[in-house]
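Undergrad: Below is the file upload-v5.txt, which contains compact mmCIF, C-alpha atoms.
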# COMPACT_ATOMS: atom_id res chain seq x y z
CA MET B 1 -195.91 -2.00 -114.46
CA ALA B 2 -193.51 -0.21 -116.78
CA ALA B 3 -194.24 3.08 -115.01
CA SER B 4 -193.43 1.62 -111.56
CA ASP B 5 -190.20 0.08 -112.92
CA LEU B 6 -189.22 3.45 -114.37
CA LEU B 7 -189.92 5.13 -111.04
CA ARG B 8 -187.79 2.61 -109.15
CA THR B 9 -184.97 3.13 -111.64
CA VAL B 10 -185.14 6.89 -111.29
CA LEU B 11 -185.19 6.68 -107.48
CA TYR B 12 -182.24 4.29 -107.49
CA THR B 13 -180.26 6.60 -109.79
CA VAL B 14 -181.05 9.67 -107.70
CA ASN B 15 -180.22 7.95 -104.41
CA ASN B 16 -176.99 6.65 -105.90
CA LEU B 17 -176.08 10.17 -107.01
CA LEU B 18 -176.78 11.53 -103.52
CA GLN B 19 -174.23 9.09 -102.08
CA GLN B 20 -171.41 10.31 -104.33
CA HIS B 21 -168.90 12.20 -102.17
CA LYS B 22 -167.54 14.22 -105.11
CA TYR B 23 -170.92 15.93 -105.50
CA LYS B 24 -171.43 16.59 -101.79
CA THR B 25 -170.57 20.31 -101.87
CA ALA B 26 -172.91 21.03 -104.77
CA LEU B 27 -175.69 18.89 -103.30
CA ALA B 28 -175.32 20.63 -99.93
CA VAL B 29 -175.94 23.94 -101.72
CA VAL B 30 -179.14 22.56 -103.25
CA LYS B 31 -180.38 21.18 -99.93
CA GLY B 32 -179.46 24.45 -98.26
CA PHE B 33 -181.72 26.25 -100.74
CA ARG B 34 -184.51 23.81 -99.89
CA ASN B 35 -184.04 24.23 -96.12
CA GLY B 36 -183.94 28.00 -96.45
CA ALA B 37 -187.22 28.04 -98.34
CA VAL B 38 -188.96 25.73 -95.86
CA TYR B 39 -187.64 27.46 -92.76
CA GLY B 40 -188.48 30.92 -94.10
CA ALA B 41 -192.06 29.85 -94.76
CA LYS B 42 -192.41 28.23 -91.33
CA ILE B 43 -191.14 31.34 -89.56
CA ARG B 44 -192.94 34.01 -91.59
CA ALA B 45 -196.38 32.46 -92.21
CA PRO B 46 -197.61 32.38 -88.57
CA HIS B 47 -196.05 35.78 -87.82
CA ALA B 48 -197.63 37.36 -90.89
CA LEU B 49 -200.98 35.74 -90.07
CA VAL B 50 -201.06 37.19 -86.55
CA MET B 51 -199.76 40.65 -87.46
CA THR B 52 -202.04 40.98 -90.49
CA PHE B 53 -205.24 40.09 -88.66
CA LEU B 54 -204.30 42.21 -85.64
CA PHE B 55 -203.22 45.40 -87.35
CA ARG B 56 -204.00 45.39 -91.07
CA SER B 57 -207.25 46.69 -92.50
CA GLY B 58 -208.83 45.51 -95.72
CA SER B 59 -210.83 42.61 -97.08
CA LEU B 60 -210.16 39.00 -96.20
CA ARG B 61 -208.74 38.44 -99.68
CA GLU B 62 -206.34 41.36 -99.31
CA LYS B 63 -205.19 40.08 -95.93
CA PHE B 64 -204.45 36.59 -97.25
CA ARG B 65 -202.66 38.09 -100.24
CA ALA B 66 -200.45 40.11 -97.87
CA ILE B 67 -199.72 37.00 -95.79
CA ALA B 68 -198.81 35.00 -98.89
CA GLN B 69 -196.58 37.80 -100.22
CA ALA B 70 -194.70 38.19 -96.93
CA THR B 71 -194.25 34.43 -96.60
CA TYR B 72 -193.01 34.12 -100.17
CA THR B 73 -190.54 36.99 -99.79
CA HIS B 74 -189.08 35.65 -96.54
CA SER B 75 -188.88 32.10 -97.90
CA ARG B 76 -187.30 33.19 -101.19
CA ASN B 77 -184.76 35.49 -99.57
CA LEU B 78 -183.63 32.95 -97.01
CA ALA B 79 -183.36 30.24 -99.67
CA CYS B 80 -181.31 32.49 -101.95
CA PHE B 81 -179.06 33.55 -99.09
CA VAL B 82 -178.30 29.98 -98.01
CA PHE B 83 -177.66 29.03 -101.65
CA THR B 84 -175.26 31.96 -102.10
CA TYR B 85 -173.52 31.49 -98.76
CA LYS B 86 -172.90 27.77 -99.11
CA GLY B 87 -171.97 28.10 -102.77
CA LEU B 88 -169.36 30.80 -102.10
CA GLN B 89 -168.01 28.88 -99.12
CA GLY B 90 -167.55 25.82 -101.31
CA ILE B 91 -165.81 27.82 -104.04
CA GLN B 92 -163.38 29.42 -101.59
CA GLN B 93 -162.58 26.07 -99.98
CA GLN B 94 -162.04 24.53 -103.40
CA ILE B 95 -159.63 27.32 -104.40
CA GLN B 96 -157.63 27.41 -101.16
CA GLY B 97 -157.73 23.69 -100.44
CA LYS B 98 -159.08 23.97 -96.89
CA GLN B 99 -161.74 25.74 -94.88
CA ARG B 100 -160.88 29.07 -93.22
CA GLN B 101 -162.85 31.31 -90.84
CA SER B 102 -162.68 34.14 -93.38
CA HIS B 103 -164.64 32.03 -95.86
CA ALA B 104 -167.80 32.18 -93.74
CA PHE B 105 -167.49 35.92 -93.19
CA LEU B 106 -166.84 36.81 -96.84
CA ALA B 107 -169.50 34.47 -98.21
CA ALA B 108 -172.09 35.82 -95.78
CA CYS B 109 -171.12 39.44 -96.55
CA VAL B 110 -171.72 38.88 -100.26
CA GLY B 111 -174.97 37.02 -99.62
CA GLY B 112 -176.17 39.69 -97.20
CA TRP B 113 -175.46 42.44 -99.71
CA LEU B 114 -177.11 40.61 -102.62
CA VAL B 115 -180.14 39.21 -100.82
CA PHE B 116 -180.81 41.25 -97.68
CA GLY B 117 -179.38 44.58 -98.86
CA GLU B 118 -182.70 45.84 -100.22
CA ASN B 119 -184.38 48.08 -97.64
CA ASN B 120 -187.86 46.61 -97.18
CA ASN B 121 -189.97 45.50 -94.21
CA ILE B 122 -189.04 41.82 -94.38
CA ASN B 123 -185.29 42.41 -94.69
CA SER B 124 -185.38 45.09 -92.03
CA GLN B 125 -187.01 42.72 -89.53
CA ILE B 126 -184.54 39.93 -90.29
CA ASN B 127 -181.49 42.19 -90.09
CA MET B 128 -182.63 43.80 -86.83
CA TYR B 129 -183.33 40.36 -85.36
CA LEU B 130 -179.80 39.25 -86.22
CA LEU B 131 -178.26 42.48 -84.91
CA SER B 132 -179.61 41.89 -81.41
CA ARG B 133 -178.28 38.32 -81.47
CA ILE B 134 -174.79 39.20 -82.65
CA LEU B 135 -174.41 41.99 -80.08
CA PHE B 136 -175.08 39.42 -77.35
CA ALA B 137 -172.77 36.89 -79.00
CA LEU B 138 -169.93 39.40 -79.47
CA SER B 139 -170.22 40.43 -75.82
CA ARG B 140 -169.89 36.80 -74.73
CA LEU B 141 -166.99 36.23 -77.12
CA ALA B 142 -165.20 39.34 -75.84
CA MET B 143 -165.46 37.97 -72.28
CA GLU B 144 -164.24 34.53 -73.36
CA LYS B 145 -161.20 36.09 -75.07
CA GLY B 146 -160.48 38.33 -72.08
CA TYR B 147 -161.07 41.61 -73.94
CA ILE B 148 -163.61 42.73 -71.33
CA PRO B 149 -163.82 41.55 -67.70
CA GLN B 150 -166.41 39.10 -66.49
CA PRO B 151 -169.10 41.12 -64.68
CA LYS B 152 -169.35 40.55 -60.96
CA ARG B 153 -173.13 40.77 -61.11
CA ASP B 154 -175.67 39.67 -63.69
CA PRO B 155 -175.91 42.60 -66.16
CA PHE B 156 -179.29 41.48 -67.51
CA PRO B 157 -181.44 43.66 -65.18
CA LEU B 158 -179.51 46.76 -66.29
CA PHE B 159 -179.83 45.67 -69.92
CA ALA B 160 -183.62 45.23 -69.56
CA THR B 161 -183.91 48.60 -67.81
CA LEU B 162 -182.15 50.47 -70.60
CA VAL B 163 -183.89 48.60 -73.45
CA TRP B 164 -187.40 49.33 -72.16
CA GLY B 165 -186.59 52.85 -71.07
CA ILE B 166 -185.13 53.78 -74.45
CA VAL B 167 -187.77 52.08 -76.62
CA LEU B 168 -190.69 53.69 -74.78
CA TRP B 169 -189.01 57.10 -74.87
CA LEU B 170 -188.53 56.71 -78.62
CA PHE B 171 -192.12 55.53 -79.06
CA GLU B 172 -193.64 58.43 -77.13
CA TYR B 173 -191.50 61.24 -78.54
CA HIS B 174 -189.82 59.97 -81.74
CA PRO B 175 -192.12 57.20 -83.05
CA HIS B 176 -191.13 57.72 -86.68
CA THR B 177 -187.71 56.25 -85.87
CA LEU B 178 -189.18 52.85 -84.98
CA GLN B 179 -190.18 50.06 -87.34
CA PRO B 180 -193.83 50.27 -88.50
CA SER B 181 -194.65 46.86 -87.01
CA LEU B 182 -193.23 47.92 -83.63
CA GLN B 183 -195.14 51.20 -83.82
CA SER B 184 -198.37 49.27 -84.48
CA SER B 185 -197.78 46.95 -81.54
CA MET B 186 -197.02 49.82 -79.19
CA ASN B 187 -199.94 51.88 -80.39
CA TYR B 188 -202.21 48.94 -79.60
CA LEU B 189 -200.71 48.54 -76.11
CA TYR B 190 -200.11 52.07 -74.93
CA HIS B 191 -202.25 54.50 -76.95
CA ASP B 192 -205.37 52.53 -77.91
CA SER B 193 -205.84 51.74 -74.21
CA ASN B 194 -206.47 55.45 -73.56
CA THR B 195 -209.73 55.50 -75.54
CA TRP B 196 -213.11 53.79 -75.07
CA HIS B 197 -216.80 54.65 -75.36
CA ASP B 198 -218.63 51.90 -73.52
CA ILE B 199 -218.14 48.38 -72.21
CA SER B 200 -217.94 46.94 -75.73
CA ASP B 201 -214.70 48.72 -76.65
CA PHE B 202 -213.42 48.74 -73.08
CA LEU B 203 -213.26 44.97 -72.56
CA ILE B 204 -214.53 43.12 -75.63
CA TYR B 205 -213.10 45.05 -78.58
CA ASN B 206 -210.16 47.40 -78.88
CA LYS B 207 -212.15 49.86 -81.02
CA PRO B 208 -215.90 50.21 -81.59
CA LYS B 209 -217.20 48.03 -84.39
CA THR B 210 -218.23 49.91 -87.51
CA ASN B 211 -221.34 48.83 -89.42
Let me see whether you can do it: turn the structure in this file into structure tokens.

TA:
Amino acid sequence: MAASDLLRTVLYTVNNLLQQHKYKTALAVVKGFRNGAVYGAKIRAPHALVMTFLFRSGSLREKFRAIAQATYTHSRNLACFVFTYKGLQGIQQQIQGKQRQSHAFLAACVGGWLVFGENNNINSQINMYLLSRILFALSRLAMEKGYIPQPKRDPFPLFATLVWGIVLWLFEYHPHTLQPSLQSSMNYLYHDSNTWHDISDFLIYNKPKTN
């Protein structure tokens, strides 16, 4: 009974603390860290699972270790970035007395340099993913602000044409310039399909099974 009373007291104290407005900025930083860790794991684990079992060789134990390492790295990095970003935003707002657009930019720049500045596979994938998104977003913003004219026709077909033309040209003639994961995917699609020995590795398997 004493243990349950203690638990209720602790929960009451914690919930009361969470309702205190004066701690909201600091608590938002803590929850941001939590959300970054959870979201990073949710995003990376299924991706790492698929890519590892499709393209990575090695024992089952080695594959699961690689999946766990990739998931941990993505989860940790995203959690640390959110913590840094929200913390620096809160500090700037506290110093200047109000929120400014520059706060988000500066806080994210510092977080990006500290957390995502290391050149590794995980960070490279995340940064390249964001680059494609911000190029689209900046194009839309430039049209909204009137810096570039609204296109008379949908530019998406031209965009798709150039993207696929360029990436396949790079893959066929300059593959070393592409990310290893993209190289693996394209090898599977475009080069592995040029080789087979019998029906087993023509339809059932990609490559003949080794005993």

Undergrad: Considering only C-alpha atoms, state which residue in the set B:Lys31, B:Arg44, B:Lys152, B:Arg140 is at the smallest distance from Leu18 of chain B.

TA: B:Lys31

Undergrad: So how far away is atom CA of Glu118 of chain B from atom CA of Ala70 of chain B, in Å?

TA: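 Atom-to-atom, atom CA of Ala70 of chain B and atom CA of Glu118 of chain B are spaced 14.6 Å apart.
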
Undergrad: For Asn77 of chain B, list every protein, DNA or RNA residue within 9 Å, evaluated using all atoms listed in the file, and leave out those in the same chain fewer than 6 positions away; present the list as number ranges by chain.

TA: B: 36-37, 40, 115-116, 123

Undergrad: Leaving out Ser193 of chain B and any residue of its chain fewer than 5 positions from it, which residues lie within 10 Å of it when counting only C-alpha atoms, given as a list in words?

TA: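 The contact residues come out as Asn187, Tyr188, Asp201, Phe202, Asn206 and Lys207 of chain B.
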
Undergrad: Measuring between all atoms listed in the file, which one of B:Thr25, B:Asn119, B:Thr177, B:Asn16 shows the shortest distance to Lys86 of chain B?

TA: B:Thr25

Undergrad: Identify which of the residues B:Ala3, B:Ile67, B:Glu172, B:Arg133 lies closest to Phe53 of chain B, counting all atoms listed in the file when measuring atom-to-atom distances.

TA: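 So, comparing all the options, the nearest one is B:Ile67.
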
Undergrad: Between atom CA of Arg34 of chain B and atom CA of Thr73 of chain B, measure the distance and give it in Å to one decimal.

TA: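 Computing it gives 14.5 Å between the two atoms.
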
Undergrad: Tell me which protein, DNA and RNA residues are within 10 Å of segment 108-111 of chain B, counting all atoms listed in the file, leaving out same-chain ones fewer than 3 positions away, and put them as a CSV table (one decimal) with C-alpha atoms, in the frame of the given file.

TA:
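As a result, around29.csv now contains:
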chain,number,residue,atom,x,y,z
B,77,ASN,CA,-184.8,35.5,-99.6
B,78,LEU,CA,-183.6,33.0,-97.0
B,80,CYS,CA,-181.3,32.5,-102.0
B,81,PHE,CA,-179.1,33.6,-99.1
B,82,VAL,CA,-178.3,30.0,-98.0
B,83,PHE,CA,-177.7,29.0,-101.6
B,84,THR,CA,-175.3,32.0,-102.1
B,85,TYR,CA,-173.5,31.5,-98.8
B,86,LYS,CA,-172.9,27.8,-99.1
B,87,GLY,CA,-172.0,28.1,-102.8
B,88,LEU,CA,-169.4,30.8,-102.1
B,89,GLN,CA,-168.0,28.9,-99.1
B,102,SER,CA,-162.7,34.1,-93.4
B,103,HIS,CA,-164.6,32.0,-95.9
B,104,ALA,CA,-167.8,32.2,-93.7
B,105,PHE,CA,-167.5,35.9,-93.2
B,114,LEU,CA,-177.1,40.6,-102.6
B,115,VAL,CA,-180.1,39.2,-100.8
B,116,PHE,CA,-180.8,41.2,-97.7
B,117,GLY,CA,-179.4,44.6,-98.9

Undergrad: Counting all atoms listed in the file, what is within 10 Å of Val38 of chain B, bar same-chain residues fewer than 2 positions away, as number ranges by chain?

TA: B: 32-36, 40-43, 74-76, 78-79

Undergrad: For a test of reading the model, state the distance in Å between atom CA of Val50 of chain B and atom CA of Glu62 of chain B, rounded to one decimal.

TA: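 Separation of atom CA of Val50 of chain B and atom CA of Glu62 of chain B: 14.4 Å.
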
Undergrad: Dig up all the protein and nucleic acid residues within 12 Å of (-171.6, 46.1, -74.6) in the file frame, using all atoms listed in the file, and format them as a list of chain:residue names.

TA: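 I get B:Ser132, B:Ile134, B:Leu135, B:Phe136, B:Ala137, B:Leu138, B:Ser139, B:Arg140, B:Leu141, B:Ala142, B:Met143, B:Tyr147, B:Ile148, B:Pro149, B:Gln150, B:Pro151, B:Pro155, B:Phe156, B:Leu158, B:Phe159 for the residues within 12 Å of that point.
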
Undergrad: Which polymer residues have any atom within 12 Å of an atom of Ala66 of chain B, counting only C-alpha atoms, with same-chain residues fewer than 2 positions away left out, as a list in words?

TA: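 The filter keeps Arg44, Ala45, His47, Ala48, Leu49, Val50, Met51, Thr52, Phe53, Arg56, Ser57, Gly58, Ser59, Leu60, Arg61, Glu62, Lys63, Phe64, Ala68, Gln69, Ala70, Thr71, Tyr72 and Thr73 of chain B.
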
Undergrad: Have a look at B:Thr9, B:Asn120, B:Gln94, B:Ser181 and name the one nearest to Ala26 of chain B; count all atoms listed in the file.

TA: B:Gln94

Undergrad: Give me the box for segment 2-6 of chain B as lines of an AutoDock Vina configuration file, namely the centre and edge lengths in Å to one decimal of a box along x, y and z that holds every listed atom plus 8 Å on each side.

TA:
center_x = -191.7
center_y = 1.6
center_z = -114.2
size_x = 21.0
size_y = 19.7
size_z = 21.2

Undergrad: Rank nothing, just name the residue among B:Leu54, B:Ile126, B:Leu168, B:Leu178 nearest to His191 of chain B, using only C-alpha atoms.

TA: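 Looking at the shortest contact to His191 of chain B, the residue is B:Leu168.
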
Undergrad: With all atoms listed in the file as the atoms that count, which of B:Leu130, B:Ala160, B:Leu27, B:Leu170 lies nearest to Val14 of chain B?

TA: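 Answer, going by the shortest atom-to-atom distance: B:Leu27.
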